[in-house]
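File shown here: run-v5.txt, holding compact mmCIF, C-alpha atoms and all ligand atoms.
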```
# COMPACT_ATOMS: atom_id res chain seq x y z
CA MET A 109 -17.12 -56.48 35.37
CA ASN A 110 -14.88 -54.19 33.35
CA LYS A 111 -15.84 -50.64 34.34
CA ASP A 112 -13.89 -48.97 31.54
CA PRO A 113 -16.25 -48.87 28.54
CA LEU A 114 -13.36 -48.23 26.15
CA LYS A 115 -11.86 -51.61 27.09
CA THR A 116 -14.95 -53.47 25.94
CA ARG A 117 -16.27 -51.15 23.22
CA SER A 118 -14.02 -49.43 20.72
CA SER A 119 -14.02 -45.63 20.42
CA LYS A 120 -16.64 -44.17 18.09
CA LEU A 121 -13.92 -41.86 16.73
CA PRO A 122 -10.75 -43.98 16.90
CA HIS A 123 -8.65 -41.59 14.81
CA VAL A 124 -9.61 -38.41 16.61
CA GLY A 125 -7.29 -36.80 19.14
CA THR A 126 -6.98 -33.25 20.43
CA THR A 127 -7.30 -30.81 17.53
CA ILE A 128 -4.18 -29.29 16.02
CA PHE A 129 -5.57 -25.83 16.85
CA THR A 130 -5.53 -26.63 20.57
CA VAL A 131 -2.12 -28.28 20.36
CA MET A 132 -0.43 -25.40 18.53
CA SER A 133 -2.06 -22.60 20.54
CA LYS A 134 -1.00 -24.31 23.77
CA LEU A 135 2.57 -24.67 22.52
CA ALA A 136 2.62 -21.02 21.41
CA THR A 137 1.50 -19.92 24.88
CA GLU A 138 4.03 -22.15 26.62
CA THR A 139 6.92 -20.98 24.46
CA GLY A 140 5.85 -17.33 24.16
CA ALA A 141 5.80 -17.65 20.36
CA ILE A 142 3.74 -15.36 18.10
CA ASN A 143 0.61 -17.41 17.50
CA LEU A 144 -0.29 -17.48 13.80
CA SER A 145 -1.65 -21.03 14.14
CA GLN A 146 -5.25 -21.23 15.38
CA GLY A 147 -7.51 -18.91 13.40
CA PHE A 148 -8.75 -16.12 15.63
CA PRO A 149 -8.29 -12.34 15.62
CA GLY A 150 -5.52 -10.99 17.80
CA PHE A 151 -7.41 -7.72 18.29
CA ASP A 152 -10.64 -6.85 20.04
CA CYS A 153 -14.13 -6.49 18.58
CA SER A 154 -15.93 -3.15 18.34
CA PRO A 155 -16.64 -1.37 21.66
CA GLU A 156 -20.08 -0.53 20.24
CA LEU A 157 -20.90 -4.22 20.02
CA VAL A 158 -19.65 -4.88 23.56
CA SER A 159 -21.75 -1.99 24.83
CA LEU A 160 -24.86 -3.37 23.08
CA VAL A 161 -24.36 -6.75 24.77
CA GLU A 162 -23.89 -5.00 28.13
CA GLN A 163 -27.16 -3.13 27.63
CA TYR A 164 -29.09 -6.32 26.93
CA LEU A 165 -27.47 -8.06 29.91
CA GLN A 166 -28.47 -5.14 32.16
CA LYS A 167 -31.99 -5.06 30.73
CA GLY A 168 -32.48 -8.66 31.82
CA PHE A 169 -32.35 -10.55 28.52
CA ASN A 170 -30.82 -13.48 30.37
CA GLN A 171 -33.15 -16.43 29.88
CA TYR A 172 -33.50 -18.94 27.04
CA ALA A 173 -33.83 -17.46 23.58
CA PRO A 174 -36.42 -19.01 21.26
CA MET A 175 -35.20 -22.37 19.97
CA THR A 176 -34.86 -21.07 16.40
CA GLY A 177 -33.14 -17.81 17.42
CA VAL A 178 -34.24 -14.32 18.42
CA PRO A 179 -36.73 -13.09 15.76
CA ALA A 180 -34.97 -9.72 15.32
CA LEU A 181 -31.70 -11.48 14.49
CA ARG A 182 -33.31 -13.92 12.06
CA GLU A 183 -35.03 -10.98 10.36
CA ALA A 184 -31.77 -9.00 10.18
CA LEU A 185 -30.05 -12.01 8.57
CA ALA A 186 -32.86 -12.53 6.07
CA GLN A 187 -32.57 -8.84 5.16
CA LYS A 188 -28.80 -9.20 4.78
CA ALA A 189 -29.31 -12.11 2.34
CA VAL A 190 -31.61 -9.90 0.25
CA ASN A 191 -29.26 -6.90 0.34
CA GLN A 192 -26.17 -8.86 -0.45
CA TYR A 193 -27.25 -11.73 -2.65
CA ASN A 194 -30.79 -10.78 -3.63
CA VAL A 195 -32.12 -14.03 -2.19
CA SER A 196 -35.22 -14.29 0.01
CA TYR A 197 -35.44 -16.59 3.01
CA ASP A 198 -38.39 -16.60 5.38
CA PRO A 199 -36.92 -15.68 8.79
CA GLU A 200 -39.65 -17.69 10.50
CA THR A 201 -39.08 -20.99 8.73
CA GLU A 202 -35.75 -20.79 6.89
CA VAL A 203 -33.20 -19.05 9.14
CA THR A 204 -31.85 -20.59 12.36
CA ILE A 205 -29.37 -19.20 14.90
CA THR A 206 -26.83 -21.70 16.23
CA SER A 207 -24.05 -21.87 18.78
CA GLY A 208 -21.31 -21.23 16.25
CA ALA A 209 -20.93 -22.54 12.71
CA THR A 210 -19.58 -25.76 14.23
CA GLU A 211 -22.98 -26.58 15.67
CA ALA A 212 -24.73 -25.70 12.41
CA ILE A 213 -22.39 -27.96 10.42
CA PHE A 214 -23.02 -30.85 12.80
CA ALA A 215 -26.80 -30.30 12.76
CA ALA A 216 -26.96 -30.06 8.95
CA ILE A 217 -24.89 -33.20 8.42
CA THR A 218 -26.92 -35.07 11.04
CA ALA A 219 -30.17 -33.92 9.44
CA VAL A 220 -29.45 -35.69 6.14
CA VAL A 221 -26.77 -38.37 6.56
CA ARG A 222 -27.87 -41.91 7.39
CA PRO A 223 -25.76 -45.08 7.85
CA GLY A 224 -24.43 -46.22 4.48
CA ASP A 225 -24.63 -42.79 2.84
CA GLU A 226 -21.60 -41.37 1.06
CA VAL A 227 -20.52 -37.77 1.54
CA ILE A 228 -18.15 -35.98 -0.85
CA VAL A 229 -15.44 -34.11 1.04
CA PHE A 230 -12.88 -31.89 -0.69
CA GLU A 231 -9.61 -32.06 1.18
CA PRO A 232 -7.73 -30.31 2.72
CA ALA A 233 -10.90 -30.09 4.84
CA TYR A 234 -11.83 -28.28 8.04
CA ASP A 235 -11.49 -30.71 10.91
CA SER A 236 -15.09 -30.90 12.12
CA TYR A 237 -16.62 -32.29 8.91
CA VAL A 238 -15.48 -35.89 8.86
CA PRO A 239 -16.19 -36.76 12.53
CA ALA A 240 -19.74 -35.45 12.03
CA ILE A 241 -20.18 -37.65 8.94
CA GLU A 242 -18.79 -40.72 10.69
CA LEU A 243 -20.85 -40.30 13.86
CA ASN A 244 -23.91 -40.44 11.61
CA GLY A 245 -22.76 -43.68 9.97
CA GLY A 246 -21.81 -41.96 6.71
CA THR A 247 -18.70 -42.64 4.63
CA PRO A 248 -16.52 -39.74 3.54
CA VAL A 249 -15.50 -39.92 -0.12
CA TYR A 250 -12.47 -37.71 -0.61
CA ILE A 251 -11.52 -35.46 -3.50
CA THR A 252 -7.89 -34.58 -2.82
CA LEU A 253 -6.71 -31.12 -3.87
CA ALA A 254 -3.01 -30.29 -3.96
CA PRO A 255 -0.92 -27.15 -4.32
CA ALA A 256 0.18 -26.26 -7.85
CA ASN A 257 3.87 -26.74 -7.40
CA GLU A 258 3.40 -30.38 -6.59
CA SER A 259 4.30 -33.01 -9.21
CA ALA A 260 0.91 -34.39 -8.50
CA PRO A 261 -0.03 -38.06 -8.30
CA GLU A 262 -2.79 -38.99 -10.70
CA THR A 263 -5.76 -38.40 -8.45
CA HIS A 264 -4.64 -34.92 -7.45
CA THR A 265 -5.67 -31.72 -9.18
CA ALA A 266 -3.53 -28.61 -9.48
CA ASP A 267 -3.42 -25.62 -7.12
CA TYR A 268 -6.36 -26.71 -5.06
CA THR A 269 -8.64 -26.34 -8.08
CA ILE A 270 -11.40 -28.86 -8.41
CA ASP A 271 -11.33 -31.49 -11.14
CA TRP A 272 -15.07 -31.71 -11.82
CA GLN A 273 -14.64 -34.82 -13.96
CA LEU A 274 -13.21 -36.56 -10.91
CA VAL A 275 -16.11 -35.36 -8.79
CA ALA A 276 -18.54 -36.78 -11.38
CA GLU A 277 -16.77 -40.13 -11.16
CA LYS A 278 -17.00 -40.19 -7.36
CA ILE A 279 -20.75 -39.64 -7.28
CA THR A 280 -22.74 -42.86 -6.83
CA ASP A 281 -26.31 -43.84 -5.94
CA LYS A 282 -25.20 -43.69 -2.32
CA THR A 283 -23.98 -40.08 -2.45
CA ARG A 284 -26.25 -38.05 -0.19
CA LEU A 285 -24.30 -34.90 0.62
CA ILE A 286 -21.48 -32.69 -0.67
CA LEU A 287 -19.53 -30.39 1.63
CA VAL A 288 -18.43 -27.05 0.25
CA ASN A 289 -16.25 -24.41 1.94
CA THR A 290 -15.74 -21.06 0.23
CA PRO A 291 -13.65 -18.99 0.96
CA HIS A 292 -11.66 -22.02 1.97
CA ASN A 293 -9.83 -22.86 5.17
CA PRO A 294 -6.87 -23.55 4.95
CA THR A 295 -6.07 -22.72 1.28
CA GLY A 296 -7.91 -19.40 0.91
CA ARG A 297 -9.35 -20.57 -2.39
CA VAL A 298 -12.63 -18.97 -3.47
CA TRP A 299 -15.26 -20.71 -5.61
CA THR A 300 -16.07 -19.18 -9.01
CA THR A 301 -19.47 -19.13 -10.72
CA THR A 302 -18.10 -21.94 -12.91
CA ASP A 303 -17.61 -24.08 -9.80
CA LEU A 304 -21.20 -23.37 -8.79
CA ASP A 305 -22.49 -24.32 -12.26
CA GLN A 306 -20.43 -27.51 -12.32
CA LEU A 307 -21.77 -28.60 -8.95
CA ALA A 308 -25.34 -27.77 -9.96
CA ASN A 309 -25.03 -29.80 -13.18
CA LEU A 310 -23.83 -32.81 -11.25
CA ILE A 311 -26.53 -32.89 -8.62
CA GLN A 312 -29.63 -31.33 -10.14
CA ASP A 313 -31.29 -34.65 -10.99
CA ARG A 314 -30.18 -36.48 -7.87
CA ALA A 315 -31.21 -36.67 -4.21
CA ILE A 316 -28.03 -34.99 -3.06
CA TRP A 317 -27.88 -32.11 -0.58
CA VAL A 318 -25.13 -29.61 0.08
CA VAL A 319 -23.67 -28.09 3.23
CA SER A 320 -21.90 -24.87 2.29
CA ASP A 321 -19.59 -23.54 4.97
CA GLU A 322 -19.30 -19.82 4.18
CA VAL A 323 -17.93 -18.52 7.48
CA TYR A 324 -15.37 -16.34 5.63
CA GLU A 325 -18.03 -14.86 3.30
CA HIS A 326 -16.92 -11.29 4.08
CA ILE A 327 -13.16 -11.80 3.84
CA LEU A 328 -12.16 -11.67 0.16
CA PHE A 329 -9.27 -9.92 -1.56
CA ASP A 330 -8.35 -8.07 -4.75
CA CYS A 331 -11.99 -7.05 -5.38
CA ARG A 332 -13.13 -10.68 -5.53
CA LYS A 333 -16.80 -11.45 -4.99
CA HIS A 334 -18.18 -14.16 -2.75
CA HIS A 335 -20.45 -16.46 -4.74
CA SER A 336 -22.69 -17.88 -2.08
CA LEU A 337 -24.37 -21.14 -3.02
CA MET A 338 -27.66 -19.43 -2.20
CA THR A 339 -27.21 -17.32 -5.36
CA HIS A 340 -27.56 -20.35 -7.65
CA PRO A 341 -31.24 -21.39 -7.99
CA VAL A 342 -30.49 -25.10 -8.45
CA LEU A 343 -28.12 -25.13 -5.47
CA GLN A 344 -30.18 -22.82 -3.26
CA GLU A 345 -33.02 -25.28 -2.97
CA ARG A 346 -30.82 -28.10 -1.71
CA THR A 347 -28.19 -26.27 0.34
CA PHE A 348 -27.66 -25.44 4.01
CA VAL A 349 -25.70 -22.16 3.85
CA ILE A 350 -23.78 -21.70 7.09
CA GLY A 351 -22.15 -18.56 8.48
CA SER A 352 -20.54 -17.34 11.70
CA PHE A 353 -20.44 -13.98 13.44
CA GLY A 354 -17.15 -15.10 14.99
CA LYS A 355 -15.20 -14.35 11.80
CA THR A 356 -17.19 -11.35 10.65
CA PHE A 357 -17.22 -9.32 13.87
CA HIS A 358 -13.97 -10.56 15.53
CA ILE A 359 -15.89 -12.49 18.21
CA THR A 360 -14.82 -16.11 17.81
CA GLY A 361 -15.24 -16.63 21.57
CA TRP A 362 -18.93 -15.77 21.48
CA LYS A 363 -19.80 -18.77 19.28
CA VAL A 364 -22.84 -17.53 17.39
CA GLY A 365 -23.53 -18.87 13.91
CA TYR A 366 -26.47 -19.30 11.58
CA CYS A 367 -27.96 -21.48 8.88
CA PHE A 368 -30.06 -20.50 5.87
CA ALA A 369 -31.93 -23.39 4.25
CA PRO A 370 -35.24 -23.89 2.40
CA ARG A 371 -38.13 -24.79 4.64
CA PRO A 372 -38.07 -28.62 4.31
CA LEU A 373 -34.35 -28.68 5.09
CA THR A 374 -34.71 -26.20 7.96
CA THR A 375 -37.48 -28.31 9.48
CA GLU A 376 -35.12 -31.30 9.70
CA PHE A 377 -32.18 -29.09 10.75
CA ARG A 378 -34.14 -27.67 13.69
CA LYS A 379 -35.08 -31.14 14.91
CA ILE A 380 -31.38 -31.74 15.48
CA HIS A 381 -30.51 -28.23 16.70
CA GLN A 382 -33.14 -28.37 19.42
CA TYR A 383 -31.51 -31.40 20.99
CA LEU A 384 -27.91 -30.35 20.43
CA THR A 385 -28.13 -26.99 22.20
CA PHE A 386 -31.84 -26.05 22.09
CA SER A 387 -31.01 -22.34 21.82
CA THR A 388 -28.14 -19.87 21.62
CA VAL A 389 -26.93 -17.17 24.03
CA THR A 390 -29.71 -14.56 24.35
CA PRO A 391 -28.22 -11.08 25.02
CA ILE A 392 -25.64 -11.50 22.26
CA GLN A 393 -28.35 -12.31 19.71
CA TYR A 394 -30.19 -9.07 20.51
CA ALA A 395 -26.95 -7.09 20.31
CA LEU A 396 -26.05 -8.65 16.95
CA ALA A 397 -29.50 -7.84 15.55
CA ASP A 398 -28.88 -4.15 16.32
CA TYR A 399 -25.31 -4.21 15.12
CA LEU A 400 -26.25 -5.80 11.77
CA LYS A 401 -28.41 -2.78 10.94
CA ASN A 402 -25.27 -1.01 9.78
CA PRO A 403 -23.87 -2.99 6.81
CA ASP A 404 -20.59 -1.04 7.00
CA HIS A 405 -19.65 -3.30 9.88
CA TYR A 406 -19.12 -6.17 7.46
CA LEU A 407 -18.64 -4.30 4.19
CA GLN A 408 -15.36 -2.78 5.40
CA LEU A 409 -13.86 -6.20 6.19
CA PRO A 410 -12.21 -6.89 2.80
CA ALA A 411 -10.22 -3.64 2.96
CA PHE A 412 -9.36 -4.21 6.61
CA TYR A 413 -7.99 -7.70 5.98
CA GLN A 414 -6.42 -6.90 2.60
CA HIS A 415 -4.15 -4.44 4.42
CA LYS A 416 -3.13 -7.18 6.86
CA ARG A 417 -2.59 -9.81 4.17
CA ASP A 418 -0.45 -7.45 2.10
CA LEU A 419 1.58 -6.29 5.08
CA PHE A 420 2.34 -9.87 6.09
CA LEU A 421 3.17 -10.93 2.53
CA ASP A 422 5.44 -7.91 1.96
CA GLY A 423 7.42 -9.10 4.96
CA LEU A 424 7.40 -12.72 3.79
CA ARG A 425 8.77 -11.76 0.35
CA GLN A 426 12.16 -11.37 2.03
CA SER A 427 11.96 -14.99 3.17
CA ARG A 428 12.58 -18.24 1.31
CA PHE A 429 8.93 -19.29 1.63
CA ARG A 430 7.00 -19.46 -1.64
CA PHE A 431 3.32 -18.64 -1.88
CA ARG A 432 0.41 -17.65 -4.08
CA THR A 433 -1.52 -14.78 -2.54
CA THR A 434 -4.59 -16.04 -0.76
CA GLU A 435 -7.96 -15.17 -2.37
CA GLY A 436 -10.08 -15.13 0.78
CA SER A 437 -10.27 -16.08 4.51
CA PHE A 438 -7.64 -14.83 6.98
CA PHE A 439 -5.20 -17.62 6.15
CA GLN A 440 -2.13 -17.75 3.93
CA THR A 441 -0.54 -21.04 2.96
CA VAL A 442 3.17 -21.11 2.12
CA SER A 443 5.49 -23.73 0.68
CA TYR A 444 8.77 -24.34 2.47
CA ALA A 445 10.05 -26.87 -0.08
CA ASP A 446 13.03 -24.58 -0.82
CA ILE A 447 13.96 -24.36 2.85
CA SER A 448 13.65 -27.80 4.39
CA HIS A 449 12.68 -31.42 3.82
CA GLU A 450 11.30 -31.85 7.33
CA PRO A 451 7.73 -33.14 7.64
CA ASP A 452 5.38 -30.16 8.05
CA TYR A 453 4.31 -31.17 11.56
CA GLU A 454 7.90 -31.23 12.73
CA LEU A 455 8.72 -27.93 11.09
CA ALA A 456 5.65 -26.34 12.72
CA LEU A 457 6.90 -27.47 16.14
CA ARG A 458 10.45 -26.29 15.43
CA LEU A 459 9.30 -22.90 14.12
CA THR A 460 7.33 -22.36 17.29
CA LYS A 461 10.15 -23.34 19.61
CA GLU A 462 13.17 -21.95 17.75
CA ILE A 463 11.93 -19.08 15.56
CA GLY A 464 9.04 -18.06 17.80
CA VAL A 465 6.19 -18.25 15.26
CA ALA A 466 3.45 -20.89 15.48
CA ALA A 467 1.78 -22.19 12.30
CA ILE A 468 -0.54 -25.04 11.32
CA PRO A 469 0.91 -27.93 9.26
CA VAL A 470 -1.50 -28.39 6.36
CA SER A 471 -1.11 -32.21 6.33
CA VAL A 472 -3.54 -32.35 9.28
CA PHE A 473 -6.36 -31.34 6.92
CA TYR A 474 -5.88 -34.52 4.80
CA HIS A 475 -7.17 -37.93 5.90
CA ARG A 476 -3.92 -39.58 4.78
CA LYS A 477 -1.84 -36.66 6.15
CA ASN A 478 -0.51 -35.76 2.68
CA ASP A 479 2.55 -33.63 3.28
CA TYR A 480 3.16 -31.11 0.49
CA ARG A 481 5.56 -29.10 2.66
CA VAL A 482 2.97 -26.41 3.26
CA LEU A 483 2.21 -24.38 6.41
CA ARG A 484 -0.81 -22.19 7.17
CA PHE A 485 -0.46 -18.79 8.83
CA CYS A 486 -3.34 -16.74 10.25
CA PHE A 487 -2.83 -13.01 9.56
CA ALA A 488 -5.75 -11.73 11.67
CA LYS A 489 -3.26 -10.01 13.97
CA ASP A 490 -2.06 -6.50 14.85
CA ASP A 491 0.21 -4.92 12.25
CA ALA A 492 3.22 -4.89 14.58
CA THR A 493 2.76 -8.61 15.28
CA LEU A 494 2.61 -9.41 11.56
CA ILE A 495 5.75 -7.40 10.82
CA GLU A 496 7.63 -9.09 13.66
CA ALA A 497 6.42 -12.56 12.60
CA ALA A 498 7.48 -12.03 8.97
CA ASP A 499 10.82 -10.75 10.19
CA ARG A 500 11.40 -13.86 12.29
CA LEU A 501 10.30 -16.14 9.43
CA SER A 502 12.72 -14.45 7.04
CA LYS A 503 15.59 -15.65 9.21
CA LEU A 504 14.85 -19.26 8.38
N1 LIG B 1 -11.29 -22.39 12.62
C1 LIG B 1 -10.10 -22.15 13.38
C2 LIG B 1 -8.89 -22.52 12.54
O1 LIG B 1 -9.01 -23.08 11.50
C3 LIG B 1 -10.01 -22.89 14.66
C4 LIG B 1 -11.23 -23.16 15.44
C5 LIG B 1 -10.94 -24.16 16.50
O2 LIG B 1 -9.95 -24.05 17.21
N2 LIG B 1 -11.77 -25.15 16.62
O3 LIG B 1 -7.81 -22.27 12.97
```
Would you mind writing the file's structure down as structure tokens?
Amino acid sequence: MNKDPLKTRSSKLPHVGTTIFTVMSKLATETGAINLSQGFPGFDCSPELVSLVEQYLQKGFNQYAPMTGVPALREALAQKAVNQYNVSYDPETEVTITSGATEAIFAAITAVVRPGDEVIVFEPAYDSYVPAIELNGGTPVYITLAPANESAPETHTADYTIDWQLVAEKITDKTRLILVNTPHNPTGRVWTTTDLDQLANLIQDRAIWVVSDEVYEHILFDCRKHHSLMTHPVLQERTFVIGSFGKTFHITGWKVGYCFAPRPLTTEFRKIHQYLTFSTVTPIQYALADYLKNPDHYLQLPAFYQHKRDLFLDGLRQSRFRFRTTEGSFFQTVSYADISHEPDYELALRLTKEIGVAAIPVSVFYHRKNDYRVLRFCFAKDDATLIEAADRLSKL
């Protein structure tokens, strides 16, 4: 008998390999390059938050948390939704704590997608969405967004803006879910209220749900506002709104996220969550509940990151890269069309090895690996690191 199951059964995810984030971070470490590839802060979180976690560890909060999350944290999040967006969720039945946004995205997709369902995916798309759709038997239906400077093929829209007519044409009786990500990774694009209205008009009379990945909800620039899908009444009642403390409090390694959704959706969401992870790390949840009591901890983020974005871009202006300033997230995409005709993956490898700066090639976020000669840099780094990186990049 053949003991290797992959010789007799094909892989459930034949196109999936190791993620680009792992590949590029490993290469950056091996070569000693400045790592602007994988998105994570290069500085530490607040000592106050660390001390809160320590206190809860010492006090013995070390056993399973409730399946849905620690009540104090769910209540703090529900209060945050009221303060920030004036939207009420019942912390008991409509807010769930998860092991990172990644888990929440998987649980939400699994809660609603059945074999044969179609799911609208705007690409470039974060890498965890499509595998989750496919593992549930769904079919991704792509809306391809391209940078503005591209002489775009017919199906592409300009500067990553959404052609809502095209979206309308892609919706069928089989469409069950639409994935939204604002502020967007990797392009930094931020949805406007017009985008929200357009989406609402398209789905209001249909059995279509929405997963809205809003992990960068607190990182917006130039006085922009985050328009959460929970602020639109038509969308609110059919959307899983997902967030992550990793981005907001510089703790990507702690993997704590959350999901707001109306009761019927949360009921189904929790059925999946309880068998994916059951519950999320206990002492950190208590610490976060305390830490959230001071809204300054997230309200100062736009100014904090605007300084970093502007510092990095001031340096990059001396280079031959072209860019439009990012609207949100801690990513900046740049075009290198004036510098090289190399494929973006190859340039990303060469930059790491020869120039000493690691980036993410944006083609990896497209299912057909569309190469618009664009790289993504993460500017969540110390000022000195950003200045040095821009300096190195200007030599190219
Ligand atoms: N979200 C991060 C990024 O886009 C990476 C997270 C991961 O490595 N899975 O770079």
Polymer residues at most 10 Å from Thr433 (chain A), all atoms listed in the file, same-chain spacing of 5 or more positions, as a list in words: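 Residues near the query, excluding close chain neighbours: Thr295, Gly296, Arg297, Phe329, Asp330, Arg417, Asp418, Leu421, Phe439, Gln440, Thr441 and Val442 of chain A.
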Distance criterion (all atoms listed in the file): nearest to Val190 (chain A) out of A:Met338, A:Cys367, A:Leu121, A:Thr247: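 Closest candidate: A:Met338.
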Contacts with ligand LIG 1 (chain B) at most 9 Å, only C-alpha atoms and all ligand atoms counted, listed as an MDAnalysis selection string: chainID A and resid 127:130 133 144:148 210 234:236 293:294 355 360 439 468 486
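If you look at CA of Tyr453 (chain A) and CA of Arg425 (chain A), they are 22.9 Å away from each other.
Ranking A:Asp490, A:Asp198, A:His358, A:Leu253 by their shortest atom-to-atom distance to His405 (chain A), with all atoms listed in the file included, puts A:His358 first.
Taking CA of Gly365 (chain A) and CA of Pro155 (chain A) as the two end points, the separation is 20.3 Å.
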Computed interatomic separation between CA of Thr374 (chain A) and CA of Leu343 (chain A) (Å):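 We find that CA of Thr374 (chain A) and CA of Leu343 (chain A) lie 15.0 Å from each other.
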Exercise: Glu226 (chain A) partners within 8 Å, only C-alpha atoms, chain neighbours under 6 positions left out, as JSON, numbers by chain: {"A": [246, 247, 248, 249, 282, 283, 284, 285]}
Best match for closeness to Asp422 (chain A) among A:Ser336, A:Ala497, A:Thr300, A:Ala212, counting only C-alpha atoms: A:Ala497
Selected residue of minimal separation from Thr434 (chain A) among A:Lys461, A:Arg332, A:Arg222, A:Lys477, counting all atoms listed in the file: A:Arg332
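Comparing A:Ile447, A:Leu424, A:Val203, A:Val220 by their smallest distance to Ile316 (chain A), the closest is A:Val220 (using all atoms listed in the file).
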Close residues, Ala136 (chain A) itself excluded, 8 Å, only C-alpha atoms, min 4 positions apart in chain, as JSON, numbers by chain: {"A": [132, 140, 141, 142, 143, 460, 464, 465, 466]}
Nearest to Ser387 (chain A), chosen from A:Val482, A:Ala233, A:Ala369, A:Val364, with all atoms listed in the file counted in the distances: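 Checking each of A:Val482, A:Ala233, A:Ala369, A:Val364 against Ser387 (chain A), counting all atoms listed in the file, the winner is A:Val364.
Using all atoms listed in the file, the residues found no farther than 8 Å from Ile286 (chain A), other than those of its own chain fewer than 5 positions away, are Val227, Ile228, Val229, Ile316, Trp317, Val318 and Val319 of chain A.
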Take the residues from that selection and write them out as a short mmCIF file (atom, residue, chain, number, x, y, z; two decimals), in the frame of the given file, keeping C-alpha atoms.
```cif
data_model
loop_
_atom_site.label_atom_id
_atom_site.label_comp_id
_atom_site.auth_asym_id
_atom_site.auth_seq_id
_atom_site.Cartn_x
_atom_site.Cartn_y
_atom_site.Cartn_z
CA VAL A 227 -20.52 -37.77 1.54
CA ILE A 228 -18.15 -35.98 -0.85
CA VAL A 229 -15.44 -34.11 1.04
CA ILE A 316 -28.03 -34.99 -3.06
CA TRP A 317 -27.88 -32.11 -0.58
CA VAL A 318 -25.13 -29.61 0.08
CA VAL A 319 -23.67 -28.09 3.23
#
```
Who sits within 12 Å of Ser207 (chain A), all atoms listed in the file, same chain under 3 positions skipped, as a ChimeraX atom specification: /A:173,175-177,204,210-215,350-354,360-367,381-382,384-390,392-393
Mind dumping the selected residues with C-alpha atoms as a tab-separated table (two decimals), in the frame of the given file?
```
chain	number	residue	atom	x	y	z
A	173	ALA	CA	-33.83	-17.46	23.58
A	175	MET	CA	-35.20	-22.37	19.97
A	176	THR	CA	-34.86	-21.07	16.40
A	177	GLY	CA	-33.14	-17.81	17.42
A	204	THR	CA	-31.85	-20.59	12.36
A	210	THR	CA	-19.58	-25.76	14.23
A	211	GLU	CA	-22.98	-26.58	15.67
A	212	ALA	CA	-24.73	-25.70	12.41
A	213	ILE	CA	-22.39	-27.96	10.42
A	214	PHE	CA	-23.02	-30.85	12.80
A	215	ALA	CA	-26.80	-30.30	12.76
A	350	ILE	CA	-23.78	-21.70	7.09
A	351	GLY	CA	-22.15	-18.56	8.48
A	352	SER	CA	-20.54	-17.34	11.70
A	353	PHE	CA	-20.44	-13.98	13.44
A	354	GLY	CA	-17.15	-15.10	14.99
A	360	THR	CA	-14.82	-16.11	17.81
A	361	GLY	CA	-15.24	-16.63	21.57
A	362	TRP	CA	-18.93	-15.77	21.48
A	363	LYS	CA	-19.80	-18.77	19.28
A	364	VAL	CA	-22.84	-17.53	17.39
A	365	GLY	CA	-23.53	-18.87	13.91
A	366	TYR	CA	-26.47	-19.30	11.58
A	367	CYS	CA	-27.96	-21.48	8.88
A	381	HIS	CA	-30.51	-28.23	16.70
A	382	GLN	CA	-33.14	-28.37	19.42
A	384	LEU	CA	-27.91	-30.35	20.43
A	385	THR	CA	-28.13	-26.99	22.20
A	386	PHE	CA	-31.84	-26.05	22.09
A	387	SER	CA	-31.01	-22.34	21.82
A	388	THR	CA	-28.14	-19.87	21.62
A	389	VAL	CA	-26.93	-17.17	24.03
A	390	THR	CA	-29.71	-14.56	24.35
A	392	ILE	CA	-25.64	-11.50	22.26
A	393	GLN	CA	-28.35	-12.31	19.71
```
